[in-house]
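Everything below belongs to my_file32.cif, which stores mmCIF, C-alpha atoms and all ligand atoms; chains and numbers go by the auth columns.
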```cif
data_final
loop_
_atom_site.group_PDB
_atom_site.id
_atom_site.type_symbol
_atom_site.label_atom_id
_atom_site.label_comp_id
_atom_site.label_asym_id
_atom_site.label_seq_id
_atom_site.Cartn_x
_atom_site.Cartn_y
_atom_site.Cartn_z
_atom_site.B_iso_or_equiv
_atom_site.auth_seq_id
_atom_site.auth_asym_id
ATOM 1 C CA MET A 1 55.274 -16.756 27.388 0.00 1 A
ATOM 2 C CA PRO A 2 58.978 -17.062 26.573 0.00 2 A
ATOM 3 C CA GLU A 3 61.420 -15.502 29.034 0.00 3 A
ATOM 4 C CA SER A 4 61.242 -11.699 29.010 0.00 4 A
ATOM 5 C CA ALA A 5 64.630 -10.003 29.238 0.00 5 A
ATOM 6 C CA SER A 6 63.952 -6.384 28.334 0.00 6 A
ATOM 7 C CA ALA A 7 62.700 -3.372 30.273 0.00 7 A
ATOM 8 C CA HIS A 8 59.479 -2.946 28.279 0.00 8 A
ATOM 9 C CA GLY A 9 58.741 -6.700 28.180 0.00 9 A
ATOM 10 C CA LYS A 10 56.367 -6.564 31.160 0.00 10 A
ATOM 11 C CA GLY A 11 54.082 -4.024 29.437 0.00 11 A
ATOM 12 C CA ILE A 12 53.904 -6.161 26.279 0.00 12 A
ATOM 13 C CA ASP A 13 53.119 -9.279 28.331 0.00 13 A
ATOM 14 C CA GLU A 14 50.360 -7.478 30.234 0.00 14 A
ATOM 15 C CA LEU A 15 48.777 -6.289 26.982 0.00 15 A
ATOM 16 C CA ILE A 16 48.904 -9.824 25.557 0.00 16 A
ATOM 17 C CA LEU A 17 47.331 -11.178 28.769 0.00 17 A
ATOM 18 C CA TYR A 18 44.454 -8.651 28.756 0.00 18 A
ATOM 19 C CA VAL A 19 43.738 -9.201 25.040 0.00 19 A
ATOM 20 C CA HIS A 20 43.600 -12.952 25.686 0.00 20 A
ATOM 21 C CA LEU A 21 41.300 -12.485 28.695 0.00 21 A
ATOM 22 C CA LEU A 22 38.918 -10.518 26.456 0.00 22 A
ATOM 23 C CA MET A 23 39.183 -13.206 23.752 0.00 23 A
ATOM 24 C CA GLY A 24 38.518 -15.884 26.406 0.00 24 A
ATOM 25 C CA ALA A 25 35.430 -14.021 27.656 0.00 25 A
ATOM 26 C CA LEU A 26 34.162 -13.616 24.058 0.00 26 A
ATOM 27 C CA PHE A 27 34.789 -17.315 23.361 0.00 27 A
ATOM 28 C CA VAL A 28 32.861 -18.424 26.453 0.00 28 A
ATOM 29 C CA GLY A 29 30.091 -15.909 25.725 0.00 29 A
ATOM 30 C CA TRP A 30 29.651 -16.943 22.104 0.00 30 A
ATOM 31 C CA MET A 31 29.768 -20.680 22.922 0.00 31 A
ATOM 32 C CA GLY A 32 27.184 -20.134 25.667 0.00 32 A
ATOM 33 C CA TYR A 33 24.951 -18.224 23.245 0.00 33 A
ATOM 34 C CA PHE A 34 25.381 -20.971 20.633 0.00 34 A
ATOM 35 C CA VAL A 35 24.249 -23.668 23.092 0.00 35 A
ATOM 36 C CA PHE A 36 21.394 -21.441 24.303 0.00 36 A
ATOM 37 C CA THR A 37 20.060 -20.930 20.761 0.00 37 A
ATOM 38 C CA MET A 38 20.199 -24.661 20.012 0.00 38 A
ATOM 39 C CA LEU A 39 18.066 -25.380 23.087 0.00 39 A
ATOM 40 C CA ARG A 40 15.783 -22.325 22.992 0.00 40 A
ATOM 41 C CA PHE A 41 15.028 -22.389 19.268 0.00 41 A
ATOM 42 C CA ASN A 42 14.887 -26.119 18.554 0.00 42 A
ATOM 43 C CA LYS A 43 11.989 -27.410 16.501 0.00 43 A
ATOM 44 C CA GLY A 44 10.263 -29.166 19.426 0.00 44 A
ATOM 45 C CA ALA A 45 10.038 -25.988 21.532 0.00 45 A
ATOM 46 C CA ASN A 46 9.016 -23.835 18.531 0.00 46 A
ATOM 47 C CA PRO A 47 6.534 -25.728 16.344 0.00 47 A
ATOM 48 C CA LYS A 48 5.544 -22.439 14.695 0.00 48 A
ATOM 49 C CA ALA A 49 8.180 -20.028 13.324 0.00 49 A
ATOM 50 C CA ASP A 50 8.383 -16.598 14.977 0.00 50 A
ATOM 51 C CA TYR A 51 9.134 -13.915 12.392 0.00 51 A
ATOM 52 C CA VAL A 52 9.725 -11.077 14.890 0.00 52 A
ATOM 53 C CA GLY A 53 12.898 -12.540 16.425 0.00 53 A
ATOM 54 C CA ALA A 54 14.727 -11.078 19.436 0.00 54 A
ATOM 55 C CA ARG A 55 12.781 -8.573 21.511 0.00 55 A
ATOM 56 C CA SER A 56 15.366 -7.866 24.166 0.00 56 A
ATOM 57 C CA HIS A 57 18.157 -5.267 23.814 0.00 57 A
ATOM 58 C CA ALA A 58 20.643 -7.403 25.733 0.00 58 A
ATOM 59 C CA SER A 59 22.746 -8.160 22.644 0.00 59 A
ATOM 60 C CA THR A 60 23.084 -4.446 21.818 0.00 60 A
ATOM 61 C CA TYR A 61 24.293 -3.672 25.344 0.00 61 A
ATOM 62 C CA LEU A 62 26.723 -6.598 25.221 0.00 62 A
ATOM 63 C CA GLU A 63 28.111 -5.394 21.876 0.00 63 A
ATOM 64 C CA ILE A 64 28.594 -1.905 23.340 0.00 64 A
ATOM 65 C CA GLY A 65 30.314 -3.444 26.370 0.00 65 A
ATOM 66 C CA VAL A 66 32.734 -5.395 24.157 0.00 66 A
ATOM 67 C CA ALA A 67 33.467 -2.268 22.094 0.00 67 A
ATOM 68 C CA ILE A 68 34.243 -0.311 25.284 0.00 68 A
ATOM 69 C CA VAL A 69 36.650 -2.988 26.544 0.00 69 A
ATOM 70 C CA GLU A 70 38.356 -3.032 23.118 0.00 70 A
ATOM 71 C CA ALA A 71 38.633 0.776 23.151 0.00 71 A
ATOM 72 C CA VAL A 72 40.159 0.695 26.651 0.00 72 A
ATOM 73 C CA LEU A 73 42.729 -1.919 25.548 0.00 73 A
ATOM 74 C CA LEU A 74 43.614 0.074 22.439 0.00 74 A
ATOM 75 C CA ILE A 75 43.586 3.625 23.831 0.00 75 A
ATOM 76 C CA GLY A 76 44.540 2.831 27.421 0.00 76 A
ATOM 77 C CA LEU A 77 47.219 0.173 26.867 0.00 77 A
ATOM 78 C CA ALA A 78 48.336 -0.456 23.279 0.00 78 A
ATOM 79 C CA VAL A 79 48.712 3.141 22.048 0.00 79 A
ATOM 80 C CA PRO A 80 50.616 4.398 25.154 0.00 80 A
ATOM 81 C CA LEU A 81 52.887 1.328 25.014 0.00 81 A
ATOM 82 C CA TRP A 82 53.639 1.971 21.337 0.00 82 A
ATOM 83 C CA ALA A 83 54.132 5.709 21.940 0.00 83 A
ATOM 84 C CA LYS A 84 56.565 4.940 24.761 0.00 84 A
ATOM 85 C CA ALA A 85 58.502 2.647 22.431 0.00 85 A
ATOM 86 C CA VAL A 86 58.806 5.051 19.504 0.00 86 A
ATOM 87 C CA ASP A 87 58.094 8.661 20.569 0.00 87 A
ATOM 88 C CA ASN A 88 61.079 9.369 22.789 0.00 88 A
ATOM 89 C CA PRO A 89 64.129 7.415 21.675 0.00 89 A
ATOM 90 C CA PRO A 90 66.900 7.459 24.289 0.00 90 A
ATOM 91 C CA GLY A 91 68.996 10.606 24.032 0.00 91 A
ATOM 92 C CA ALA A 92 72.757 11.000 24.537 0.00 92 A
ATOM 93 C CA ALA A 93 72.292 11.328 28.322 0.00 93 A
ATOM 94 C CA GLU A 94 71.020 7.742 28.503 0.00 94 A
ATOM 95 C CA LYS A 95 74.141 6.520 26.631 0.00 95 A
ATOM 96 C CA PRO A 96 72.367 4.214 24.184 0.00 96 A
ATOM 97 C CA VAL A 97 74.329 1.583 22.273 0.00 97 A
ATOM 98 C CA GLU A 98 73.721 2.137 18.597 0.00 98 A
ATOM 99 C CA LEU A 99 74.112 -0.475 15.923 0.00 99 A
ATOM 100 C CA GLN A 100 72.922 -1.298 12.449 0.00 100 A
ATOM 101 C CA VAL A 101 71.463 -4.708 11.770 0.00 101 A
ATOM 102 C CA MET A 102 71.416 -5.993 8.207 0.00 102 A
ATOM 103 C CA ALA A 103 69.342 -8.944 7.112 0.00 103 A
ATOM 104 C CA GLN A 104 70.140 -10.991 4.028 0.00 104 A
ATOM 105 C CA GLN A 105 69.124 -14.404 2.767 0.00 105 A
ATOM 106 C CA PHE A 106 69.657 -16.086 5.235 0.00 106 A
ATOM 107 C CA ALA A 107 71.757 -14.406 7.915 0.00 107 A
ATOM 108 C CA TRP A 108 72.002 -11.414 10.228 0.00 108 A
ATOM 109 C CA ALA A 109 74.947 -9.025 10.460 0.00 109 A
ATOM 110 C CA ALA A 110 75.626 -6.220 12.946 0.00 110 A
ATOM 111 C CA HIS A 111 77.643 -3.022 12.592 0.00 111 A
ATOM 112 C CA PHE A 112 78.823 -0.646 15.343 0.00 112 A
ATOM 113 C CA PRO A 113 80.648 2.687 14.900 0.00 113 A
ATOM 114 C CA GLY A 114 83.734 1.511 16.800 0.00 114 A
ATOM 115 C CA LEU A 115 85.806 3.288 19.432 0.00 115 A
ATOM 116 C CA ASP A 116 85.794 6.686 17.643 0.00 116 A
ATOM 117 C CA GLY A 117 81.981 6.675 17.839 0.00 117 A
ATOM 118 C CA LYS A 118 81.751 7.620 14.150 0.00 118 A
ATOM 119 C CA TRP A 119 80.149 5.499 11.478 0.00 119 A
ATOM 120 C CA GLY A 120 82.425 4.827 8.524 0.00 120 A
ATOM 121 C CA LYS A 121 81.347 5.910 5.070 0.00 121 A
ATOM 122 C CA GLN A 122 78.778 3.618 3.556 0.00 122 A
ATOM 123 C CA ASP A 123 77.576 3.332 -0.017 0.00 123 A
ATOM 124 C CA THR A 124 75.463 0.764 -1.803 0.00 124 A
ATOM 125 C CA LYS A 125 78.138 0.541 -4.497 0.00 125 A
ATOM 126 C CA PHE A 126 80.411 -1.221 -1.960 0.00 126 A
ATOM 127 C CA ALA A 127 77.681 -3.532 -0.689 0.00 127 A
ATOM 128 C CA ASN A 128 77.786 -7.250 -1.406 0.00 128 A
ATOM 129 C CA ARG A 129 77.224 -10.439 0.579 0.00 129 A
ATOM 130 C CA GLY A 130 80.666 -10.140 2.182 0.00 130 A
ATOM 131 C CA ASN A 131 80.181 -6.431 2.973 0.00 131 A
ATOM 132 C CA PRO A 132 76.472 -6.108 3.685 0.00 132 A
ATOM 133 C CA PHE A 133 76.800 -2.632 5.202 0.00 133 A
ATOM 134 C CA GLY A 134 78.524 -1.251 2.101 0.00 134 A
ATOM 135 C CA LEU A 135 81.488 -0.024 4.147 0.00 135 A
ATOM 136 C CA ASP A 136 84.111 2.020 2.344 0.00 136 A
ATOM 137 C CA ALA A 137 87.312 0.225 3.424 0.00 137 A
ATOM 138 C CA GLU A 138 89.405 3.308 2.534 0.00 138 A
ATOM 139 C CA ASP A 139 87.504 5.739 4.758 0.00 139 A
ATOM 140 C CA ALA A 140 89.320 6.744 7.958 0.00 140 A
ATOM 141 C CA ASP A 141 86.158 6.476 10.085 0.00 141 A
ATOM 142 C CA THR A 142 85.567 2.944 8.808 0.00 142 A
ATOM 143 C CA LYS A 143 88.861 1.493 9.970 0.00 143 A
ATOM 144 C CA ASP A 144 87.808 1.092 13.620 0.00 144 A
ATOM 145 C CA ASP A 145 84.185 0.141 12.933 0.00 145 A
ATOM 146 C CA VAL A 146 82.966 -3.136 14.337 0.00 146 A
ATOM 147 C CA SER A 147 81.083 -5.500 12.068 0.00 147 A
ATOM 148 C CA VAL A 148 79.979 -8.975 12.955 0.00 148 A
ATOM 149 C CA MET A 149 78.872 -11.318 10.220 0.00 149 A
ATOM 150 C CA THR A 150 78.101 -14.803 11.451 0.00 150 A
ATOM 151 C CA GLU A 151 79.210 -15.105 15.067 0.00 151 A
ATOM 152 C CA ALA A 152 77.296 -13.637 17.997 0.00 152 A
ATOM 153 C CA PHE A 153 77.594 -9.918 18.719 0.00 153 A
ATOM 154 C CA LEU A 154 77.585 -8.508 22.229 0.00 154 A
ATOM 155 C CA LEU A 155 75.343 -5.958 23.953 0.00 155 A
ATOM 156 C CA PRO A 156 75.761 -4.527 27.452 0.00 156 A
ATOM 157 C CA VAL A 157 73.098 -5.198 30.070 0.00 157 A
ATOM 158 C CA ASN A 158 70.875 -2.387 31.421 0.00 158 A
ATOM 159 C CA ARG A 159 71.734 0.105 28.697 0.00 159 A
ATOM 160 C CA PRO A 160 69.262 1.175 26.022 0.00 160 A
ATOM 161 C CA VAL A 161 69.951 -0.302 22.587 0.00 161 A
ATOM 162 C CA ILE A 162 68.987 1.415 19.343 0.00 162 A
ATOM 163 C CA ALA A 163 69.176 -1.154 16.550 0.00 163 A
ATOM 164 C CA LYS A 164 68.592 0.198 13.047 0.00 164 A
ATOM 165 C CA ILE A 165 67.111 -2.601 11.022 0.00 165 A
ATOM 166 C CA SER A 166 67.527 -2.954 7.273 0.00 166 A
ATOM 167 C CA SER A 167 67.755 -5.600 4.551 0.00 167 A
ATOM 168 C CA MET A 168 69.961 -5.974 1.500 0.00 168 A
ATOM 169 C CA ASP A 169 67.651 -8.212 -0.521 0.00 169 A
ATOM 170 C CA VAL A 170 64.046 -9.108 0.317 0.00 170 A
ATOM 171 C CA ILE A 171 61.817 -8.165 3.257 0.00 171 A
ATOM 172 C CA HIS A 172 62.874 -9.962 6.446 0.00 172 A
ATOM 173 C CA CYS A 173 61.769 -9.342 10.021 0.00 173 A
ATOM 174 C CA PHE A 174 64.030 -8.873 13.037 0.00 174 A
ATOM 175 C CA LYS A 175 62.448 -10.686 15.945 0.00 175 A
ATOM 176 C CA SER A 176 63.870 -11.200 19.404 0.00 176 A
ATOM 177 C CA ALA A 177 61.186 -12.821 21.525 0.00 177 A
ATOM 178 C CA ALA A 178 63.131 -12.336 24.774 0.00 178 A
ATOM 179 C CA MET A 179 63.580 -8.602 24.056 0.00 179 A
ATOM 180 C CA ARG A 180 59.929 -8.376 22.958 0.00 180 A
ATOM 181 C CA VAL A 181 60.807 -6.625 19.684 0.00 181 A
ATOM 182 C CA THR A 182 59.694 -7.423 16.151 0.00 182 A
ATOM 183 C CA GLN A 183 60.468 -5.124 13.235 0.00 183 A
ATOM 184 C CA ASP A 184 60.351 -5.722 9.490 0.00 184 A
ATOM 185 C CA ALA A 185 63.703 -5.325 7.727 0.00 185 A
ATOM 186 C CA ILE A 186 62.973 -3.514 4.485 0.00 186 A
ATOM 187 C CA PRO A 187 65.489 -2.868 1.682 0.00 187 A
ATOM 188 C CA GLY A 188 66.239 0.862 1.380 0.00 188 A
ATOM 189 C CA LEU A 189 64.888 1.703 4.844 0.00 189 A
ATOM 190 C CA SER A 190 66.661 1.875 8.187 0.00 190 A
ATOM 191 C CA ILE A 191 64.073 1.444 10.932 0.00 191 A
ATOM 192 C CA PRO A 192 65.119 1.787 14.590 0.00 192 A
ATOM 193 C CA VAL A 193 63.975 -0.543 17.358 0.00 193 A
ATOM 194 C CA VAL A 194 64.690 0.353 20.961 0.00 194 A
ATOM 195 C CA PHE A 195 65.027 -2.021 23.896 0.00 195 A
ATOM 196 C CA THR A 196 66.961 -2.269 27.125 0.00 196 A
ATOM 197 C CA PRO A 197 68.234 -5.771 27.950 0.00 197 A
ATOM 198 C CA THR A 198 67.793 -6.491 31.650 0.00 198 A
ATOM 199 C CA LYS A 199 69.322 -9.986 31.831 0.00 199 A
ATOM 200 C CA THR A 200 72.630 -11.392 30.684 0.00 200 A
ATOM 201 C CA GLY A 201 72.759 -14.490 28.507 0.00 201 A
ATOM 202 C CA ASP A 202 72.501 -15.717 24.920 0.00 202 A
ATOM 203 C CA PHE A 203 69.491 -14.548 22.945 0.00 203 A
ATOM 204 C CA THR A 204 68.223 -15.550 19.537 0.00 204 A
ATOM 205 C CA ILE A 205 67.208 -13.431 16.586 0.00 205 A
ATOM 206 C CA THR A 206 64.734 -15.124 14.287 0.00 206 A
ATOM 207 C CA CYS A 207 63.309 -13.971 10.979 0.00 207 A
ATOM 208 C CA ALA A 208 59.566 -13.409 11.341 0.00 208 A
ATOM 209 C CA GLN A 209 58.827 -12.806 7.660 0.00 209 A
ATOM 210 C CA LEU A 210 58.802 -15.655 5.150 0.00 210 A
ATOM 211 C CA CYS A 211 61.792 -14.668 3.000 0.00 211 A
ATOM 212 C CA GLY A 212 62.797 -17.709 0.932 0.00 212 A
ATOM 213 C CA ASN A 213 63.676 -21.365 1.280 0.00 213 A
ATOM 214 C CA GLY A 214 66.260 -20.787 4.047 0.00 214 A
ATOM 215 C CA HIS A 215 63.846 -18.714 6.145 0.00 215 A
ATOM 216 C CA ALA A 216 63.474 -21.282 8.926 0.00 216 A
ATOM 217 C CA SER A 217 67.248 -21.476 9.466 0.00 217 A
ATOM 218 C CA MET A 218 67.747 -17.693 9.448 0.00 218 A
ATOM 219 C CA LYS A 219 68.950 -17.457 13.020 0.00 219 A
ATOM 220 C CA GLY A 220 71.209 -14.933 14.697 0.00 220 A
ATOM 221 C CA VAL A 221 72.619 -14.868 18.211 0.00 221 A
ATOM 222 C CA PHE A 222 73.638 -12.022 20.482 0.00 222 A
ATOM 223 C CA LYS A 223 75.026 -12.151 23.976 0.00 223 A
ATOM 224 C CA VAL A 224 74.033 -9.695 26.671 0.00 224 A
ATOM 225 C CA VAL A 225 77.033 -9.227 28.952 0.00 225 A
ATOM 226 C CA THR A 226 78.273 -6.849 31.632 0.00 226 A
ATOM 227 C CA GLN A 227 79.500 -3.406 30.591 0.00 227 A
ATOM 228 C CA ALA A 228 83.138 -4.453 31.283 0.00 228 A
ATOM 229 C CA GLU A 229 82.874 -7.565 29.098 0.00 229 A
ATOM 230 C CA PHE A 230 81.234 -5.516 26.360 0.00 230 A
ATOM 231 C CA ASP A 231 83.961 -2.854 26.509 0.00 231 A
ATOM 232 C CA ALA A 232 86.726 -5.467 26.218 0.00 232 A
ATOM 233 C CA TRP A 233 85.050 -7.158 23.249 0.00 233 A
ATOM 234 C CA TYR A 234 84.303 -3.824 21.599 0.00 234 A
ATOM 235 C CA ALA A 235 87.887 -2.578 21.932 0.00 235 A
ATOM 236 C CA GLU A 236 89.286 -5.817 20.522 0.00 236 A
ATOM 237 C CA LYS A 237 86.855 -5.859 17.579 0.00 237 A
ATOM 238 C CA SER A 238 87.394 -2.174 16.924 0.00 238 A
ATOM 239 C CA LYS A 239 91.153 -2.704 16.755 0.00 239 A
ATOM 240 C CA ALA A 240 90.679 -5.556 14.283 0.00 240 A
ATOM 241 C CA GLY A 241 88.470 -3.405 12.021 0.00 241 A
ATOM 242 C CA PRO A 242 85.255 -4.290 10.224 0.00 242 A
ATOM 243 C CA VAL A 243 84.627 -7.126 7.785 0.00 243 A
ATOM 244 C CA THR A 244 84.437 -5.624 4.301 0.00 244 A
ATOM 245 C CA SER A 245 84.699 -8.797 2.257 0.00 245 A
ATOM 246 C CA PHE A 246 84.702 -12.556 2.649 0.00 246 A
ATOM 247 C CA ASP A 247 88.343 -12.863 1.565 0.00 247 A
HETATM 248 CU CU CU B . 64.447 -13.622 6.463 0.00 301 B
#
```

Entire entry expressed as structure tokens:
Amino acid sequence: MPESASAHGKGIDELILYVHLLMGALFVGWMGYFVFTMLRFNKGANPKADYVGARSHASTYLEIGVAIVEAVLLIGLAVPLWAKAVDNPPGAAEKPVELQVMAQQFAWAAHFPGLDGKWGKQDTKFANRGNPFGLDAEDADTKDDVSVMTEAFLLPVNRPVIAKISSMDVIHCFKSAAMRVTQDAIPGLSIPVVFTPTKTGDFTITCAQLCGNGHASMKGVFKVVTQAEFDAWYAEKSKAGPVTSFD
């Protein structure tokens, strides 16, 4: 598994391990059965065909056993893990960092509300490749927003992140393997993903949905840094104002 650097990563890794153990057991079981049937039912050992077939109920019990293990994995592990990820998003008390992430062919952009904590006015009529978030440059709340187009954006370590994922053209998919999050970016929708980075360093965003001929190079980078480093970067970016066009 790639390095895990988020709080919920361990749960995801455990689920993947248990699913693979079940798959491994099924693989060994089926291969064993395959070899058994080749030996047991070969022509030499069975000169006369038997039309009754299996008389034992072993296969039924095995099938029930597999179904029970699958139910335990689904109900006991997968559903609670998913519920934990989406049912109770971090509230104000947990001081989450909120940002919007916009995908476009073939790049990722990020947008933060800036030091005033208020999102600037956004409208699709302002949106273009140089202003993917459709920011209204004239709006007072916009002027201190932070938007990052091509360079890496920063996130503080050990604080929950709520990233609202969207797309301005086709369907993309925001994937950060280290954060153990994958979420489709769909035009017209803003879908939150929640994770808490637990390690500092550079992390990659890849696009996990075939989106055109530049799909493979659609890479983004974010840096997880200390709270102090994040604050300094955020203040500087907020002072500079958001990108609302390429020129
Ligand atoms: Cu893409």

My list of candidates is A:Lys84, A:Lys175, A:Arg159, A:Lys143. Which is closest to ligand CU 301 (chain B) when distances are computed with only C-alpha atoms and all ligand atoms?
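Once distances to ligand CU 301 (chain B) are computed over only C-alpha atoms and all ligand atoms, the minimum belongs to A:Lys175.
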
Report as JSON the centre and the edge lengths, in Å to one decimal, of the axis-aligned box holding every listed atom of segment 34-49 of chain A, padded by 6 Å on each side.
```
{"center_x": 15.5, "center_y": -24.6, "center_z": 18.8, "size_x": 31.8, "size_y": 21.1, "size_z": 23.0}
```

Expand the PyMOL selection byres (((chain A and resi 117) around 12) and not hetatm) into the individual residues it matches in the shown file, reporting them as a PyMOL selection string.
chain A and resi 95-99+111-116+118-120+141-146+234-235+238

All residues within 12 Å of ligand CU 301 (chain B) are required, counting only C-alpha atoms and all ligand atoms; please report them as JSON, numbers by chain.
{"A": [102, 103, 104, 105, 106, 107, 108, 166, 167, 168, 169, 170, 171, 172, 173, 174, 175, 183, 184, 185, 186, 187, 205, 206, 207, 208, 209, 210, 211, 212, 213, 214, 215, 216, 217, 218, 219, 220]}

Can you list what the PyMOL selection byres (((chain A and resi 81) around 12) and not hetatm) grabs from this structure, as a count of residues only?
24
